[in-house]
Amino acid sequence: MTSSLKSVPSQRDFKQLLEIDMDVQQFGSDWAHCDQISSYASRMISHNRKDSLRFANLFSSAMNEIMETAFHARAEKGTLLCALHRCDEIDRIELTLPCDGSAASFFQSAIDLAHADNAEEAYMAELFSESAPDKSLGLLELAIDYNANISLKKLGNESVCLTVDLALEEPEN
């Protein structure tokens, strides 16, 4: 599966790999944009990994969960900005998107649940529930299955930056 994030390097240690921006109305117009952006980004940054195909597949799946969660935010106007960074074996996805207070609260609640002591139980209950899946399921999956470190920063009243750190390969010795 994935390696554990023991400690996260400081922001200055990360090098930017790729940046994508898109109008949120355009992004929100088609669910397929989530997969298209994730697939493109994963191919662009996987070339120098030990097993580039495996890495691309894992990264695309993880990023797609983030993009689908952002898709549900449904902002009326503004720009979605996705920046990918790397420091050694850690890949960072920073997704900045416009959102209102209820969307920001949703993201914070989902992240709080992902950090809770019972996160795995909540994830399993939601995963096997017979009702429609909660929109937070993707972030829970990242925290539980990918051991992702997820955080949220509010950028004024109009937008947030969702940061997800992933270690999809074991460090080289």
# chains A, B, ... in the order shown; residues from 1 in each chain; ligands from 1

call {"tool": "closest_atom_pairs", "arguments": {"of": "range 104-140 of chain A", "to": "range 147-153 of chain A", "cutoff": "8 Å", "atoms": "only C-alpha atoms", "output": "Markdown table"}}
result
| residue | atom | partner | partner_atom | distance |
| --- | --- | --- | --- | --- |
| A:Phe107 | CA | A:Leu152 | CA | 7.4 |
| A:Gln108 | CA | A:Leu152 | CA | 6.7 |
| A:Ile111 | CA | A:Ile150 | CA | 6.6 |

call {"tool": "write_last_selection", "arguments": {"atoms": "N, CA, C and O atoms", "output": "mmCIF file, in the first residue's frame"}}
result
data_model
loop_
_atom_site.group_PDB
_atom_site.id
_atom_site.type_symbol
_atom_site.label_atom_id
_atom_site.label_comp_id
_atom_site.auth_asym_id
_atom_site.auth_seq_id
_atom_site.Cartn_x
_atom_site.Cartn_y
_atom_site.Cartn_z
ATOM 1 N N PHE A 107 -15.652 21.152 4.265
ATOM 2 C CA PHE A 107 -14.270 20.697 4.146
ATOM 3 C C PHE A 107 -13.637 20.518 5.523
ATOM 4 O O PHE A 107 -12.992 19.514 5.789
ATOM 5 N N GLN A 108 -13.838 21.496 6.420
ATOM 6 C CA GLN A 108 -13.237 21.414 7.749
ATOM 7 C C GLN A 108 -13.801 20.241 8.531
ATOM 8 O O GLN A 108 -13.058 19.517 9.199
ATOM 9 N N ILE A 111 -12.288 17.016 7.200
ATOM 10 C CA ILE A 111 -10.893 16.881 7.636
ATOM 11 C C ILE A 111 -10.829 16.532 9.113
ATOM 12 O O ILE A 111 -10.038 15.674 9.525
#

call {"tool": "residues_around", "arguments": {"residues": "Leu80 in chain A", "least_positions_apart": "6", "cutoff": "6 Å", "atoms": "only C-alpha atoms", "output": "MDAnalysis selection string"}}
result
chainID A and resid 21:22 24 96:97

call {"tool": "select_by_dssp", "arguments": {"residues": "chain A", "states": "alpha helix (DSSP H)", "output": "MDAnalysis selection string"}}
result
chainID A and resid 24:27 32:45 52:71 101:115 119:127 137:145

call {"tool": "closest_residue", "arguments": {"among": "A:Lys77, A:Glu141, A:Glu89, A:Trp31", "to": "Lys50 in chain A", "atoms": "only C-alpha atoms"}}
result
A:Glu89

call {"tool": "closest_residue", "arguments": {"among": "A:Asn157, A:Ser129, A:Thr79, A:Ser10", "to": "Asp23 in chain A", "atoms": "only C-alpha atoms"}}
result
A:Thr79

call {"tool": "atom_distance", "arguments": {"atom1": "CA of Arg92 in chain A", "atom2": "CA of Leu166 in chain A"}}
result
6.3 Å

call {"tool": "closest_residue", "arguments": {"among": "A:Ala143, A:Leu162, A:Ile90, A:Ala132", "to": "Ala119 in chain A", "atoms": "only C-alpha atoms"}}
result
A:Ala143

call {"tool": "select_by_dssp", "arguments": {"residues": "range 104-169 of chain A", "states": "strand (DSSP E or B)", "output": "JSON, numbers by chain"}}
result
{"A": [149, 150, 151, 152, 153, 154, 155, 159, 160, 161, 162, 163, 164, 165, 166, 167]}

call {"tool": "closest_residue", "arguments": {"among": "A:Thr163, A:Asn118, A:Asn64, A:Ser38", "to": "Leu95 in chain A", "atoms": "only C-alpha atoms"}}
result
A:Thr163

call {"tool": "closest_residue", "arguments": {"among": "A:Phe71, A:Phe106, A:Tyr146, A:Phe59", "to": "Gly28 in chain A", "atoms": "only C-alpha atoms"}}
result
A:Phe71

call {"tool": "residues_around", "arguments": {"residues": "Ile144 in chain A", "least_positions_apart": "6", "cutoff": "12 Å", "atoms": "only C-alpha atoms", "output": "MDAnalysis selection string"}}
result
chainID A and resid 1:4 62 111 113:124 127 137:138 150 166

call {"tool": "write_last_selection", "arguments": {"atoms": "N, CA and C atoms", "output": "PDB file, in the first residue's frame"}}
result
ATOM      1  N   MET A   1       0.858  -1.175   0.000  1.00  0.00           N
ATOM      2  CA  MET A   1       0.000   0.000   0.000  1.00  0.00           C
ATOM      3  C   MET A   1       0.900   1.233   0.000  1.00  0.00           C
ATOM      4  N   THR A   2       0.647   2.194   0.844  1.00  0.00           N
ATOM      5  CA  THR A   2       1.401   3.431   0.834  1.00  0.00           C
ATOM      6  C   THR A   2       2.282   3.525   2.061  1.00  0.00           C
ATOM      7  N   SER A   3       3.329   4.317   1.942  1.00  0.00           N
ATOM      8  CA  SER A   3       4.211   4.490   3.093  1.00  0.00           C
ATOM      9  C   SER A   3       3.619   5.534   4.029  1.00  0.00           C
ATOM     10  N   SER A   4       4.133   5.575   5.216  1.00  0.00           N
ATOM     11  CA  SER A   4       3.608   6.464   6.242  1.00  0.00           C
ATOM     12  C   SER A   4       4.284   7.828   6.173  1.00  0.00           C
ATOM     13  N   ALA A  62      -5.931   9.036  -6.120  1.00  0.00           N
ATOM     14  CA  ALA A  62      -5.975   9.946  -4.978  1.00  0.00           C
ATOM     15  C   ALA A  62      -6.400  11.349  -5.401  1.00  0.00           C
ATOM     16  N   ILE A 111     -12.288  17.016   7.200  1.00  0.00           N
ATOM     17  CA  ILE A 111     -10.893  16.881   7.636  1.00  0.00           C
ATOM     18  C   ILE A 111     -10.829  16.532   9.113  1.00  0.00           C
ATOM     19  N   LEU A 113     -13.032  14.856  10.771  1.00  0.00           N
ATOM     20  CA  LEU A 113     -13.409  13.444  10.854  1.00  0.00           C
ATOM     21  C   LEU A 113     -12.243  12.551  10.424  1.00  0.00           C
ATOM     22  N   ALA A 114     -11.526  12.952   9.377  1.00  0.00           N
ATOM     23  CA  ALA A 114     -10.381  12.171   8.905  1.00  0.00           C
ATOM     24  C   ALA A 114      -9.266  12.104   9.943  1.00  0.00           C
ATOM     25  N   HIS A 115      -9.182  13.102  10.820  1.00  0.00           N
ATOM     26  CA  HIS A 115      -8.150  13.143  11.862  1.00  0.00           C
ATOM     27  C   HIS A 115      -8.621  12.544  13.179  1.00  0.00           C
ATOM     28  N   ALA A 116      -9.893  12.205  13.266  1.00  0.00           N
ATOM     29  CA  ALA A 116     -10.461  11.694  14.517  1.00  0.00           C
ATOM     30  C   ALA A 116      -9.958  10.291  14.832  1.00  0.00           C
ATOM     31  N   ASP A 117     -10.018   9.937  16.105  1.00  0.00           N
ATOM     32  CA  ASP A 117      -9.595   8.603  16.538  1.00  0.00           C
ATOM     33  C   ASP A 117     -10.429   7.497  15.902  1.00  0.00           C
ATOM     34  N   ASN A 118     -11.685   7.786  15.606  1.00  0.00           N
ATOM     35  CA  ASN A 118     -12.576   6.784  15.014  1.00  0.00           C
ATOM     36  C   ASN A 118     -12.719   6.945  13.503  1.00  0.00           C
ATOM     37  N   ALA A 119     -11.752   7.557  12.854  1.00  0.00           N
ATOM     38  CA  ALA A 119     -11.831   7.815  11.413  1.00  0.00           C
ATOM     39  C   ALA A 119     -11.999   6.529  10.609  1.00  0.00           C
ATOM     40  N   GLU A 120     -11.270   5.485  10.967  1.00  0.00           N
ATOM     41  CA  GLU A 120     -11.380   4.240  10.207  1.00  0.00           C
ATOM     42  C   GLU A 120     -12.772   3.626  10.358  1.00  0.00           C
ATOM     43  N   GLU A 121     -13.314   3.666  11.560  1.00  0.00           N
ATOM     44  CA  GLU A 121     -14.673   3.153  11.775  1.00  0.00           C
ATOM     45  C   GLU A 121     -15.695   3.960  10.981  1.00  0.00           C
ATOM     46  N   ALA A 122     -15.555   5.283  10.990  1.00  0.00           N
ATOM     47  CA  ALA A 122     -16.472   6.152  10.241  1.00  0.00           C
ATOM     48  C   ALA A 122     -16.360   5.884   8.743  1.00  0.00           C
ATOM     49  N   TYR A 123     -15.139   5.679   8.279  1.00  0.00           N
ATOM     50  CA  TYR A 123     -14.907   5.386   6.859  1.00  0.00           C
ATOM     51  C   TYR A 123     -15.582   4.069   6.469  1.00  0.00           C
ATOM     52  N   MET A 124     -15.380   3.035   7.261  1.00  0.00           N
ATOM     53  CA  MET A 124     -15.981   1.725   6.954  1.00  0.00           C
ATOM     54  C   MET A 124     -17.506   1.796   7.003  1.00  0.00           C
ATOM     55  N   LEU A 127     -18.560   3.633   3.900  1.00  0.00           N
ATOM     56  CA  LEU A 127     -18.253   2.831   2.708  1.00  0.00           C
ATOM     57  C   LEU A 127     -19.286   1.734   2.489  1.00  0.00           C
ATOM     58  N   LEU A 137     -16.618  11.145   1.854  1.00  0.00           N
ATOM     59  CA  LEU A 137     -16.035   9.811   1.715  1.00  0.00           C
ATOM     60  C   LEU A 137     -14.671   9.848   1.027  1.00  0.00           C
ATOM     61  N   GLY A 138     -14.508  10.669   0.012  1.00  0.00           N
ATOM     62  CA  GLY A 138     -13.231  10.745  -0.700  1.00  0.00           C
ATOM     63  C   GLY A 138     -12.084  11.187   0.190  1.00  0.00           C
ATOM     64  N   ILE A 150      -3.984  15.673   5.536  1.00  0.00           N
ATOM     65  CA  ILE A 150      -4.904  16.614   4.898  1.00  0.00           C
ATOM     66  C   ILE A 150      -5.096  17.820   5.802  1.00  0.00           C
ATOM     67  N   LEU A 166       0.899  13.170   0.237  1.00  0.00           N
ATOM     68  CA  LEU A 166       0.860  11.731  -0.015  1.00  0.00           C
ATOM     69  C   LEU A 166       2.270  11.184  -0.136  1.00  0.00           C
TER      70      LEU A 166
END

call {"tool": "atom_distance", "arguments": {"atom1": "CA of Glu68 in chain A", "atom2": "CA of Asp51 in chain A"}}
result
25.7 Å

call {"tool": "atom_distance", "arguments": {"atom1": "CA of Lys154 in chain A", "atom2": "CA of Ala73 in chain A"}}
result
14.3 Å

call {"tool": "closest_residue", "arguments": {"among": "A:Glu65, A:Asp112, A:Asp100, A:Asp91", "to": "Asp165 in chain A", "atoms": "only C-alpha atoms"}}
result
A:Asp91

call {"tool": "decode", "arguments": {"residues": "range 60-170 of chain A", "atoms": "C-alpha atoms", "output": "compact mmCIF listing (two decimals), in the first residue's frame"}}
result
# COMPACT_ATOMS: atom_id res chain seq x y z
CA SER A 60 -4.48 9.62 -10.26
CA SER A 61 -6.89 7.78 -7.97
CA ALA A 62 -5.98 9.95 -4.98
CA MET A 63 -6.14 13.19 -6.93
CA ASN A 64 -9.46 12.19 -8.46
CA GLU A 65 -10.94 11.88 -4.94
CA ILE A 66 -9.79 15.44 -4.22
CA MET A 67 -11.16 16.77 -7.50
CA GLU A 68 -14.51 15.03 -6.95
CA THR A 69 -14.76 16.53 -3.48
CA ALA A 70 -14.04 19.97 -4.97
CA PHE A 71 -16.63 19.33 -7.68
CA HIS A 72 -19.29 19.16 -4.96
CA ALA A 73 -18.34 22.63 -3.64
CA ARG A 74 -20.11 24.19 -6.65
CA ALA A 75 -18.84 27.75 -6.44
CA GLU A 76 -20.61 30.22 -8.71
CA LYS A 77 -17.54 32.11 -9.91
CA GLY A 78 -13.79 32.20 -9.57
CA THR A 79 -10.82 30.03 -10.38
CA LEU A 80 -9.88 26.55 -9.25
CA LEU A 81 -6.11 26.36 -8.89
CA CYS A 82 -4.35 23.03 -8.48
CA ALA A 83 -0.63 23.06 -7.73
CA LEU A 84 1.47 19.90 -7.39
CA HIS A 85 4.69 19.93 -5.37
CA ARG A 86 7.27 17.33 -4.36
CA CYS A 87 9.81 16.91 -1.61
CA ASP A 88 11.61 13.56 -1.75
CA GLU A 89 8.92 10.84 -1.51
CA ILE A 90 6.12 13.23 -0.52
CA ASP A 91 3.82 14.65 -3.15
CA ARG A 92 1.65 17.61 -2.21
CA ILE A 93 -1.59 18.55 -3.90
CA GLU A 94 -2.75 22.08 -3.14
CA LEU A 95 -6.21 22.84 -4.38
CA THR A 96 -7.33 26.44 -4.01
CA LEU A 97 -10.96 27.03 -4.77
CA PRO A 98 -13.62 29.62 -4.15
CA CYS A 99 -16.29 28.52 -1.72
CA ASP A 100 -18.87 29.96 0.59
CA GLY A 101 -19.00 29.45 4.34
CA SER A 102 -21.03 26.24 4.18
CA ALA A 103 -18.57 24.65 1.74
CA ALA A 104 -15.62 25.70 3.92
CA SER A 105 -17.39 24.20 6.94
CA PHE A 106 -17.97 20.97 5.00
CA PHE A 107 -14.27 20.70 4.15
CA GLN A 108 -13.24 21.41 7.75
CA SER A 109 -15.73 18.88 9.14
CA ALA A 110 -14.52 16.22 6.70
CA ILE A 111 -10.89 16.88 7.64
CA ASP A 112 -11.72 16.83 11.34
CA LEU A 113 -13.41 13.44 10.85
CA ALA A 114 -10.38 12.17 8.90
CA HIS A 115 -8.15 13.14 11.86
CA ALA A 116 -10.46 11.69 14.52
CA ASP A 117 -9.59 8.60 16.54
CA ASN A 118 -12.58 6.78 15.01
CA ALA A 119 -11.83 7.82 11.41
CA GLU A 120 -11.38 4.24 10.21
CA GLU A 121 -14.67 3.15 11.78
CA ALA A 122 -16.47 6.15 10.24
CA TYR A 123 -14.91 5.39 6.86
CA MET A 124 -15.98 1.73 6.95
CA ALA A 125 -19.49 2.63 8.09
CA GLU A 126 -19.84 5.15 5.27
CA LEU A 127 -18.25 2.83 2.71
CA PHE A 128 -20.66 -0.01 3.45
CA SER A 129 -23.74 2.12 4.10
CA GLU A 130 -26.78 1.40 1.97
CA SER A 131 -27.57 5.10 1.67
CA ALA A 132 -25.96 7.46 -0.83
CA PRO A 133 -22.31 8.08 0.10
CA ASP A 134 -21.51 11.25 1.99
CA LYS A 135 -19.46 13.82 0.07
CA SER A 136 -16.69 13.44 2.67
CA LEU A 137 -16.03 9.81 1.71
CA GLY A 138 -13.23 10.75 -0.70
CA LEU A 139 -11.27 12.65 1.94
CA LEU A 140 -11.80 9.82 4.43
CA GLU A 141 -10.49 7.37 1.84
CA LEU A 142 -7.36 9.45 1.38
CA ALA A 143 -6.73 9.60 5.12
CA ILE A 144 -7.38 5.89 5.73
CA ASP A 145 -6.29 4.06 2.57
CA TYR A 146 -3.53 6.44 1.45
CA ASN A 147 -2.40 7.64 4.89
CA ALA A 148 -2.66 11.19 3.55
CA ASN A 149 -2.01 14.23 5.68
CA ILE A 150 -4.90 16.61 4.90
CA SER A 151 -5.27 20.23 5.97
CA LEU A 152 -7.36 23.27 5.12
CA LYS A 153 -6.48 26.92 5.14
CA LYS A 154 -9.13 29.62 4.78
CA LEU A 155 -8.07 32.38 2.43
CA GLY A 156 -10.37 35.22 3.43
CA ASN A 157 -14.14 34.77 3.18
CA GLU A 158 -14.19 33.64 -0.42
CA SER A 159 -11.81 30.69 -0.83
CA VAL A 160 -9.90 27.85 0.80
CA CYS A 161 -6.72 25.91 0.11
CA LEU A 162 -7.02 22.17 0.60
CA THR A 163 -3.60 20.56 1.03
CA VAL A 164 -3.06 16.82 0.74
CA ASP A 165 0.36 15.25 1.32
CA LEU A 166 0.86 11.73 -0.01
CA ALA A 167 3.76 9.29 0.22
CA LEU A 168 2.96 6.74 -2.47
CA GLU A 169 6.42 5.14 -2.59
CA GLU A 170 8.80 3.93 0.06
